$ cat final.txt   # compact mmCIF, C-alpha atoms
# COMPACT_ATOMS: atom_id res chain seq x y z
CA MET A 1 1.50 -1.69 -62.62
CA ARG A 2 1.81 1.32 -60.33
CA ALA A 3 -1.97 1.42 -59.84
CA ARG A 4 -2.00 -2.26 -58.98
CA LEU A 5 0.90 -1.83 -56.52
CA GLY A 6 -0.90 1.09 -54.91
CA SER A 7 -4.06 -0.97 -54.56
CA LEU A 8 -2.10 -3.81 -52.97
CA LEU A 9 -0.51 -1.41 -50.47
CA VAL A 10 -3.91 0.01 -49.49
CA ILE A 11 -5.36 -3.49 -49.10
CA GLY A 12 -2.38 -4.50 -46.99
CA PHE A 13 -2.75 -1.44 -44.76
CA VAL A 14 -6.47 -2.04 -44.26
CA ALA A 15 -5.82 -5.68 -43.41
CA ALA A 16 -3.15 -4.72 -40.89
CA VAL A 17 -5.47 -2.23 -39.18
CA ALA A 18 -8.26 -4.81 -39.13
CA ALA A 19 -5.93 -7.33 -37.55
CA LEU A 20 -4.99 -4.84 -34.82
CA ALA A 21 -8.58 -3.91 -34.01
CA PRO A 22 -9.45 -7.02 -31.96
CA ALA A 23 -6.18 -6.69 -30.03
CA ARG A 24 -6.96 -3.06 -29.20
CA ALA A 25 -10.50 -3.94 -28.20
CA ALA A 26 -9.13 -6.58 -25.83
CA ASP A 27 -6.49 -4.24 -24.35
CA HIS A 28 -7.82 -3.59 -20.84
CA SER A 29 -5.64 -1.92 -18.23
CA ILE A 30 -6.14 0.18 -15.12
CA VAL A 31 -3.93 2.26 -12.84
CA VAL A 32 -4.07 1.50 -9.13
CA ALA A 33 -2.58 4.02 -6.70
CA SER A 34 -1.55 1.98 -3.69
CA THR A 35 0.73 1.86 -0.69
CA THR A 36 4.34 0.79 -0.78
CA SER A 37 3.52 -2.05 1.61
CA THR A 38 1.27 -3.87 -0.86
CA GLN A 39 4.11 -3.66 -3.39
CA ASP A 40 7.12 -4.20 -1.11
CA SER A 41 5.50 -7.18 0.59
CA GLY A 42 5.12 -8.95 -2.76
CA LEU A 43 1.31 -9.11 -2.46
CA PHE A 44 0.65 -7.46 -5.82
CA GLY A 45 3.20 -9.69 -7.50
CA TYR A 46 1.07 -12.61 -6.32
CA LEU A 47 -2.45 -11.21 -6.83
CA LEU A 48 -2.24 -9.38 -10.14
CA PRO A 49 -1.41 -12.39 -12.35
CA LEU A 50 -4.41 -14.18 -10.80
CA PHE A 51 -6.66 -11.21 -11.53
CA LYS A 52 -5.40 -10.89 -15.10
CA ALA A 53 -5.91 -14.61 -15.73
CA LYS A 54 -9.50 -14.22 -14.53
CA THR A 55 -10.39 -10.98 -16.36
CA GLY A 56 -7.72 -10.17 -18.96
CA ILE A 57 -7.20 -6.77 -17.26
CA ASP A 58 -3.68 -5.48 -16.70
CA VAL A 59 -3.06 -3.54 -13.48
CA LYS A 60 -0.37 -0.87 -13.41
CA VAL A 61 0.54 -0.02 -9.82
CA VAL A 62 1.72 3.38 -8.64
CA ALA A 63 3.24 2.52 -5.23
CA GLN A 64 3.36 5.51 -2.88
CA GLY A 65 2.57 6.44 0.66
CA THR A 66 -1.18 6.53 1.30
CA GLY A 67 -1.32 10.34 1.34
CA GLN A 68 0.51 10.54 -1.98
CA ALA A 69 -1.63 7.75 -3.46
CA LEU A 70 -4.81 9.61 -2.55
CA ASP A 71 -3.35 12.81 -4.05
CA THR A 72 -2.60 10.91 -7.25
CA ALA A 73 -6.26 9.87 -7.37
CA ARG A 74 -7.37 13.44 -6.58
CA ARG A 75 -5.60 14.52 -9.77
CA GLY A 76 -7.46 11.88 -11.73
CA ASP A 77 -4.28 9.91 -12.39
CA ALA A 78 -5.61 6.58 -11.10
CA ASP A 79 -8.69 4.43 -11.56
CA VAL A 80 -8.58 2.73 -8.15
CA VAL A 81 -6.97 3.48 -4.78
CA PHE A 82 -5.93 0.68 -2.41
CA VAL A 83 -4.54 2.16 0.81
CA HIS A 84 -4.48 1.93 4.62
CA ALA A 85 -5.41 5.11 6.47
CA LYS A 86 -9.15 5.00 7.09
CA ALA A 87 -9.56 8.60 8.24
CA GLN A 88 -7.84 9.86 5.09
CA GLU A 89 -9.89 7.47 2.95
CA GLU A 90 -13.16 8.72 4.46
CA LYS A 91 -12.07 12.33 3.82
CA PHE A 92 -11.33 11.38 0.20
CA LEU A 93 -14.85 9.97 -0.09
CA ALA A 94 -16.45 12.99 1.57
CA GLU A 95 -14.72 15.24 -0.94
CA GLY A 96 -16.39 13.28 -3.74
CA TYR A 97 -13.26 11.70 -5.18
CA GLY A 98 -14.23 8.10 -4.49
CA VAL A 99 -17.35 6.02 -5.17
CA LYS A 100 -17.52 3.63 -2.21
CA ARG A 101 -14.95 2.32 0.23
CA TYR A 102 -14.62 -1.39 1.03
CA ASP A 103 -12.57 -3.07 3.75
CA VAL A 104 -10.30 -5.59 2.03
CA MET A 105 -7.82 -7.00 4.53
CA TYR A 106 -5.78 -6.24 7.62
CA ASN A 107 -2.54 -7.05 9.29
CA ASP A 108 -0.72 -5.18 12.04
CA PHE A 109 2.13 -2.81 12.64
CA VAL A 110 5.17 -3.96 14.57
CA LEU A 111 7.96 -2.02 16.23
CA ILE A 112 11.30 -3.11 14.85
CA GLY A 113 14.57 -2.35 16.57
CA PRO A 114 18.07 -3.59 17.41
CA SER A 115 18.03 -6.96 19.12
CA SER A 116 20.10 -5.37 21.91
CA ASP A 117 17.06 -3.10 22.56
CA PRO A 118 18.89 -0.09 24.05
CA ALA A 119 15.63 1.63 25.06
CA HIS A 120 14.31 -1.56 26.75
CA VAL A 121 10.98 -1.53 24.93
CA LYS A 122 10.41 -5.22 24.24
CA GLY A 123 6.88 -6.40 25.00
CA ASN A 124 3.34 -5.60 23.88
CA ASP A 125 2.88 -1.97 25.03
CA ILE A 126 3.56 0.31 22.08
CA LEU A 127 2.81 3.57 23.91
CA ALA A 128 5.26 2.72 26.71
CA ALA A 129 7.80 1.82 24.03
CA PHE A 130 7.44 5.18 22.29
CA LYS A 131 7.82 6.99 25.63
CA ALA A 132 11.00 5.05 26.39
CA ILE A 133 12.48 5.74 22.94
CA ALA A 134 11.85 9.48 23.30
CA ALA A 135 13.16 9.56 26.90
CA LYS A 136 16.41 7.88 25.89
CA ALA A 137 16.65 9.71 22.54
CA ALA A 138 17.23 6.30 20.96
CA PRO A 139 17.68 6.38 17.15
CA PHE A 140 14.30 6.18 15.40
CA VAL A 141 13.56 6.18 11.67
CA SER A 142 10.31 7.78 10.51
CA ARG A 143 9.03 7.38 6.99
CA GLY A 144 7.97 11.02 7.01
CA ASP A 145 6.04 10.54 3.76
CA ARG A 146 2.35 10.98 4.76
CA SER A 147 1.85 7.25 4.27
CA GLY A 148 -0.59 5.17 6.28
CA THR A 149 2.34 3.88 8.34
CA HIS A 150 3.61 7.42 8.92
CA GLN A 151 0.13 8.56 10.00
CA ALA A 152 -0.09 5.59 12.37
CA GLU A 153 3.32 6.47 13.82
CA LEU A 154 2.30 10.11 14.42
CA ALA A 155 -0.91 8.96 16.11
CA LEU A 156 1.12 6.70 18.42
CA TRP A 157 3.41 9.55 19.50
CA LYS A 158 0.32 11.63 20.23
CA ASP A 159 -1.37 8.82 22.16
CA ALA A 160 1.85 8.39 24.15
CA GLY A 161 1.62 12.05 25.18
CA ILE A 162 4.60 13.11 23.11
CA ASP A 163 4.61 16.17 20.83
CA ILE A 164 7.08 14.72 18.35
CA THR A 165 7.31 17.96 16.35
CA ALA A 166 8.52 19.79 19.44
CA GLN A 167 10.56 16.99 21.00
CA LYS A 168 12.31 15.42 18.01
CA GLY A 169 16.04 15.87 17.74
CA PRO A 170 18.96 14.27 15.88
CA TRP A 171 17.78 10.90 17.18
CA TYR A 172 14.58 11.16 15.09
CA ARG A 173 15.32 10.75 11.39
CA GLU A 174 12.60 11.46 8.82
CA ILE A 175 13.50 10.04 5.41
CA GLY A 176 10.45 10.82 3.23
CA GLN A 177 10.56 7.35 1.62
CA GLY A 178 8.75 4.03 1.57
CA MET A 179 8.73 1.12 3.98
CA GLY A 180 11.57 -0.82 2.37
CA ALA A 181 13.84 2.25 2.45
CA ALA A 182 12.89 2.95 6.08
CA LEU A 183 13.79 -0.61 7.08
CA ASN A 184 17.09 -0.39 5.18
CA THR A 185 17.91 2.87 6.97
CA ALA A 186 17.01 1.38 10.34
CA SER A 187 19.19 -1.63 9.59
CA ALA A 188 22.14 0.63 8.71
CA MET A 189 21.62 2.84 11.79
CA ASN A 190 20.60 0.09 14.24
CA ALA A 191 17.51 2.19 14.89
CA TYR A 192 13.89 1.64 15.87
CA VAL A 193 11.22 1.87 13.15
CA LEU A 194 7.48 1.21 12.87
CA SER A 195 6.71 -1.25 10.06
CA ASP A 196 3.72 -3.09 8.70
CA ARG A 197 4.20 -6.79 9.36
CA GLY A 198 3.84 -7.78 5.71
CA THR A 199 6.81 -5.72 4.53
CA TRP A 200 8.87 -6.87 7.51
CA ILE A 201 8.24 -10.55 6.73
CA SER A 202 9.37 -10.04 3.13
CA PHE A 203 12.36 -7.83 4.08
CA LYS A 204 15.74 -9.53 3.65
CA ASN A 205 18.30 -6.94 4.85
CA ARG A 206 17.48 -7.30 8.54
CA GLY A 207 20.98 -7.05 10.00
CA ASP A 208 20.60 -6.95 13.79
CA LEU A 209 16.93 -5.90 13.67
CA ALA A 210 14.09 -7.85 15.24
CA ILE A 211 10.43 -7.40 16.20
CA LEU A 212 10.40 -5.89 19.69
CA VAL A 213 6.79 -4.79 20.20
CA GLN A 214 3.71 -6.49 18.78
CA GLY A 215 0.20 -7.50 19.75
CA ASP A 216 -1.02 -4.11 21.04
CA THR A 217 -4.51 -3.18 19.81
CA HIS A 218 -3.11 0.24 18.80
CA LEU A 219 -1.18 -1.59 16.06
CA PHE A 220 -4.17 -2.82 14.03
CA ASN A 221 -3.70 -2.01 10.32
CA GLN A 222 -6.78 -1.97 8.04
CA TYR A 223 -6.64 -1.70 4.22
CA GLY A 224 -9.43 -0.35 2.03
CA VAL A 225 -10.14 -0.06 -1.71
CA MET A 226 -12.15 2.49 -3.70
CA LEU A 227 -13.01 3.21 -7.32
CA VAL A 228 -12.07 6.78 -8.23
CA SER A 229 -15.16 8.83 -9.12
CA PRO A 230 -16.01 8.70 -12.85
CA GLU A 231 -18.26 11.72 -12.27
CA LYS A 232 -15.25 13.86 -11.29
CA PHE A 233 -13.00 12.23 -13.87
CA PRO A 234 -14.89 10.89 -16.92
CA HIS A 235 -11.72 9.17 -18.20
CA VAL A 236 -11.68 6.80 -15.20
CA LYS A 237 -12.05 3.23 -16.45
CA LYS A 238 -15.17 2.53 -14.47
CA ALA A 239 -15.95 -1.01 -15.64
CA ASP A 240 -12.41 -2.37 -15.41
CA GLY A 241 -11.68 -0.52 -12.17
CA GLN A 242 -14.85 -1.81 -10.56
CA ALA A 243 -14.00 -5.31 -11.78
CA PHE A 244 -10.75 -5.11 -9.78
CA VAL A 245 -12.56 -3.84 -6.67
CA ASP A 246 -15.21 -6.55 -7.02
CA TRP A 247 -12.60 -9.26 -7.43
CA LEU A 248 -10.66 -8.18 -4.33
CA ILE A 249 -13.78 -8.38 -2.16
CA SER A 250 -15.13 -11.56 -3.78
CA PRO A 251 -14.62 -14.97 -2.15
CA GLU A 252 -12.01 -15.74 -4.82
CA GLY A 253 -10.04 -12.55 -4.21
CA GLN A 254 -10.29 -12.89 -0.45
CA ALA A 255 -9.03 -16.47 -0.65
CA ALA A 256 -6.11 -15.33 -2.82
CA ILE A 257 -5.13 -12.73 -0.21
CA ALA A 258 -5.27 -15.34 2.55
CA ASN A 259 -3.18 -17.75 0.48
CA TYR A 260 -0.28 -15.33 0.04
CA LYS A 261 2.45 -16.48 2.41
CA ILE A 262 6.20 -16.19 2.80
CA ASP A 263 8.00 -19.05 4.56
CA GLY A 264 4.62 -20.30 5.73
CA GLN A 265 3.64 -16.96 7.29
CA GLN A 266 0.40 -15.31 6.19
CA LEU A 267 1.00 -11.61 5.53
CA PHE A 268 -2.56 -10.27 5.19
CA PHE A 269 -5.93 -11.38 6.55
CA PRO A 270 -9.03 -10.78 4.39
CA ASN A 271 -11.96 -9.14 6.18
CA THR A 272 -14.41 -7.81 3.63
CA LYS A 273 -17.82 -7.57 5.25
CA SER A 274 -20.47 -9.54 3.36
$ encode --input "final.txt" --output "structure tokens"
Amino acid sequence: MRARLGSLLVIGFVAAVAALAPARAADHSIVVASTTSTQDSGLFGYLLPLFKAKTGIDVKVVAQGTGQALDTARRGDADVVFVHAKAQEEKFLAEGYGVKRYDVMYNDFVLIGPSSDPAHVKGNDILAAFKAIAAKAAPFVSRGDRSGTHQAELALWKDAGIDITAQKGPWYREIGQGMGAALNTASAMNAYVLSDRGTWISFKNRGDLAILVQGDTHLFNQYGVMLVSPEKFPHVKKADGQAFVDWLISPEGQAAIANYKIDGQQLFFPNTKS
């Protein structure tokens, strides 16, 4: 009896393992290190179910500033990076951490501020706006997190002829956090802040804030995607990661990006080069 019971237990165990095997074989997932704007805007919440339905691949997103996302990939802790600071992305590639960079989509940055506009910046000249904010020491929130938006902000101060490191004072608040947190802080302080348009459109806690400067060519915001190098990190899920990259730049993925809207407003504009 004991022998028979033991045999039955072994058979049951083998059957259970066999039943799990197909499920494990079908368990595909990748880690994507990306910007907070792709997460905070709701874009990933829209795209990833479409991608999974097409491929069966789960995507786990690590949402950080671009600099932090690239550092995550440099440690081998991501399969794909999807960010928006082209100079940093090209450096990442030159260092051998990425395989190939693809343009995916763009939108633009906008300067948000109190509707009363105490620094009188409203218009389409972002450099003049930054000069006015600094001259009046008007409250300004900086992400201060090495993100693509933070890098764009620093470049704008420089292009405006302002050494922000030397000239910043109590009026300039660096928070070291993502776009949603920066907008919340600006709302609480009635301060100016540079935002990507996608996160602004999806942001609900606007208070007295409004778009004050937009349309300047300095505000163009390009996003790119790269597979992390399997040569540097053999554990990178090359096939599944490349499948995600390929889908984003395919006609289907590009159409999905274009179709993502909030209240009828398109947040991102696909521009993969064929």
$ atom_distance --input "final.txt" --atom1 "CA of Pro230 (chain A)" --atom2 "CA of Val80 (chain A)"
10.6 Å
$ closest_atom_pairs --input "final.txt" --of "region 169-214 of chain A" --to "region 42-64 of chain A" --cutoff "12 Å" --atoms "all atoms listed in the file" --output "Markdown table"
| residue | atom | partner | partner_atom | distance |
| --- | --- | --- | --- | --- |
| A:Gly176 | CA | A:Gln64 | CA | 10.8 |
| A:Gln177 | CA | A:Gln64 | CA | 8.7 |
| A:Gly178 | CA | A:Gln64 | CA | 7.1 |
| A:Met179 | CA | A:Gln64 | CA | 9.8 |
| A:Gly180 | CA | A:Gly42 | CA | 11.6 |
| A:Gly198 | CA | A:Gly42 | CA | 8.6 |
| A:Thr199 | CA | A:Gly42 | CA | 8.2 |
| A:Trp200 | CA | A:Gly42 | CA | 11.1 |
| A:Ile201 | CA | A:Gly42 | CA | 10.1 |
| A:Ser202 | CA | A:Gly42 | CA | 7.3 |
| A:Phe203 | CA | A:Gly42 | CA | 10.0 |
$ closest_residue --input "final.txt" --among "A:Ile249, A:Val213, A:Ala258, A:Val31" --to "His120 (chain A)" --atoms "only C-alpha atoms"
A:Val213
$ closest_residue --input "final.txt" --among "A:Lys261, A:His84, A:Lys232, A:Lys131" --to "Met105 (chain A)" --atoms "only C-alpha atoms"
A:His84
$ residues_around --input "final.txt" --residues "region 214-219 of chain A" --least-positions-apart "6" --cutoff "8 Å" --atoms "only C-alpha atoms" --output "number ranges by chain"
A: 108-111, 123-126, 156
$ write_last_selection --input "final.txt" --atoms "C-alpha atoms" --output "tab-separated table (two decimals), in the coordinates of the input"
chain	number	residue	atom	x	y	z
A	108	ASP	CA	-0.72	-5.18	12.04
A	109	PHE	CA	2.13	-2.81	12.64
A	110	VAL	CA	5.17	-3.96	14.57
A	111	LEU	CA	7.96	-2.02	16.23
A	123	GLY	CA	6.88	-6.40	25.00
A	124	ASN	CA	3.34	-5.60	23.88
A	125	ASP	CA	2.88	-1.97	25.03
A	126	ILE	CA	3.56	0.31	22.08
A	156	LEU	CA	1.12	6.70	18.42
$ closest_residue --input "final.txt" --among "A:Lys100, A:His28, A:Lys273, A:Arg143" --to "Ala239 (chain A)" --atoms "only C-alpha atoms"
A:His28
$ build_atoms --input "final.txt" --residues "region 101-132 of chain A" --atoms "N, CA and C atoms" --output "compact mmCIF listing (two decimals), keeping the file's coordinate frame"
# COMPACT_ATOMS: atom_id res chain seq x y z
N ARG A 101 -16.11 2.96 -0.37
CA ARG A 101 -14.95 2.32 0.23
C ARG A 101 -15.31 0.93 0.76
N TYR A 102 -14.42 -0.03 0.53
CA TYR A 102 -14.62 -1.39 1.03
C TYR A 102 -13.41 -1.80 1.87
N ASP A 103 -13.65 -2.37 3.04
CA ASP A 103 -12.57 -3.07 3.75
C ASP A 103 -12.13 -4.25 2.88
N VAL A 104 -10.82 -4.48 2.83
CA VAL A 104 -10.30 -5.59 2.03
C VAL A 104 -9.58 -6.60 2.91
N MET A 105 -8.68 -6.10 3.77
CA MET A 105 -7.82 -7.00 4.53
C MET A 105 -7.17 -6.20 5.65
N TYR A 106 -6.52 -6.91 6.55
CA TYR A 106 -5.78 -6.24 7.62
C TYR A 106 -4.53 -7.03 7.93
N ASN A 107 -3.60 -6.38 8.55
CA ASN A 107 -2.54 -7.05 9.29
C ASN A 107 -2.23 -6.15 10.47
N ASP A 108 -1.01 -6.07 10.92
CA ASP A 108 -0.72 -5.18 12.04
C ASP A 108 0.63 -4.53 11.84
N PHE A 109 0.82 -3.45 12.58
CA PHE A 109 2.13 -2.81 12.64
C PHE A 109 2.95 -3.50 13.72
N VAL A 110 4.25 -3.43 13.56
CA VAL A 110 5.17 -3.96 14.57
C VAL A 110 6.29 -2.94 14.76
N LEU A 111 6.81 -2.88 15.98
CA LEU A 111 7.96 -2.02 16.23
C LEU A 111 9.22 -2.85 16.08
N ILE A 112 10.03 -2.44 15.13
CA ILE A 112 11.30 -3.11 14.85
C ILE A 112 12.42 -2.33 15.53
N GLY A 113 13.44 -3.03 15.98
CA GLY A 113 14.57 -2.35 16.57
C GLY A 113 15.76 -3.28 16.73
N PRO A 114 16.88 -2.75 17.20
CA PRO A 114 18.07 -3.59 17.41
C PRO A 114 17.78 -4.68 18.44
N SER A 115 18.30 -5.86 18.19
CA SER A 115 18.03 -6.96 19.12
C SER A 115 18.58 -6.66 20.51
N SER A 116 19.57 -5.76 20.60
CA SER A 116 20.10 -5.37 21.91
C SER A 116 19.12 -4.48 22.68
N ASP A 117 18.16 -3.88 21.97
CA ASP A 117 17.06 -3.10 22.56
C ASP A 117 17.55 -2.06 23.57
N PRO A 118 18.31 -1.07 23.12
CA PRO A 118 18.89 -0.09 24.05
C PRO A 118 17.87 0.71 24.85
N ALA A 119 16.66 0.88 24.32
CA ALA A 119 15.63 1.63 25.06
C ALA A 119 14.77 0.73 25.94
N HIS A 120 15.04 -0.58 25.92
CA HIS A 120 14.31 -1.56 26.75
C HIS A 120 12.80 -1.47 26.53
N VAL A 121 12.40 -1.68 25.28
CA VAL A 121 10.98 -1.53 24.93
C VAL A 121 10.27 -2.86 24.69
N LYS A 122 10.98 -3.95 24.68
CA LYS A 122 10.41 -5.22 24.24
C LYS A 122 9.18 -5.59 25.07
N GLY A 123 8.11 -6.00 24.33
CA GLY A 123 6.88 -6.40 25.00
C GLY A 123 5.69 -6.16 24.10
N ASN A 124 4.55 -5.80 24.67
CA ASN A 124 3.34 -5.60 23.88
C ASN A 124 2.66 -4.26 24.18
N ASP A 125 3.42 -3.30 24.72
CA ASP A 125 2.88 -1.97 25.03
C ASP A 125 3.57 -0.94 24.15
N ILE A 126 2.92 -0.58 23.05
CA ILE A 126 3.56 0.31 22.08
C ILE A 126 3.69 1.74 22.62
N LEU A 127 2.74 2.20 23.40
CA LEU A 127 2.81 3.57 23.91
C LEU A 127 3.96 3.71 24.92
N ALA A 128 4.13 2.71 25.77
CA ALA A 128 5.26 2.72 26.71
C ALA A 128 6.58 2.67 25.94
N ALA A 129 6.59 1.92 24.85
CA ALA A 129 7.80 1.82 24.03
C ALA A 129 8.16 3.17 23.43
N PHE A 130 7.17 3.87 22.88
CA PHE A 130 7.44 5.18 22.29
C PHE A 130 7.93 6.17 23.35
N LYS A 131 7.36 6.12 24.54
CA LYS A 131 7.82 6.99 25.63
C LYS A 131 9.28 6.70 25.98
N ALA A 132 9.63 5.43 26.03
CA ALA A 132 11.00 5.05 26.39
C ALA A 132 11.99 5.49 25.31
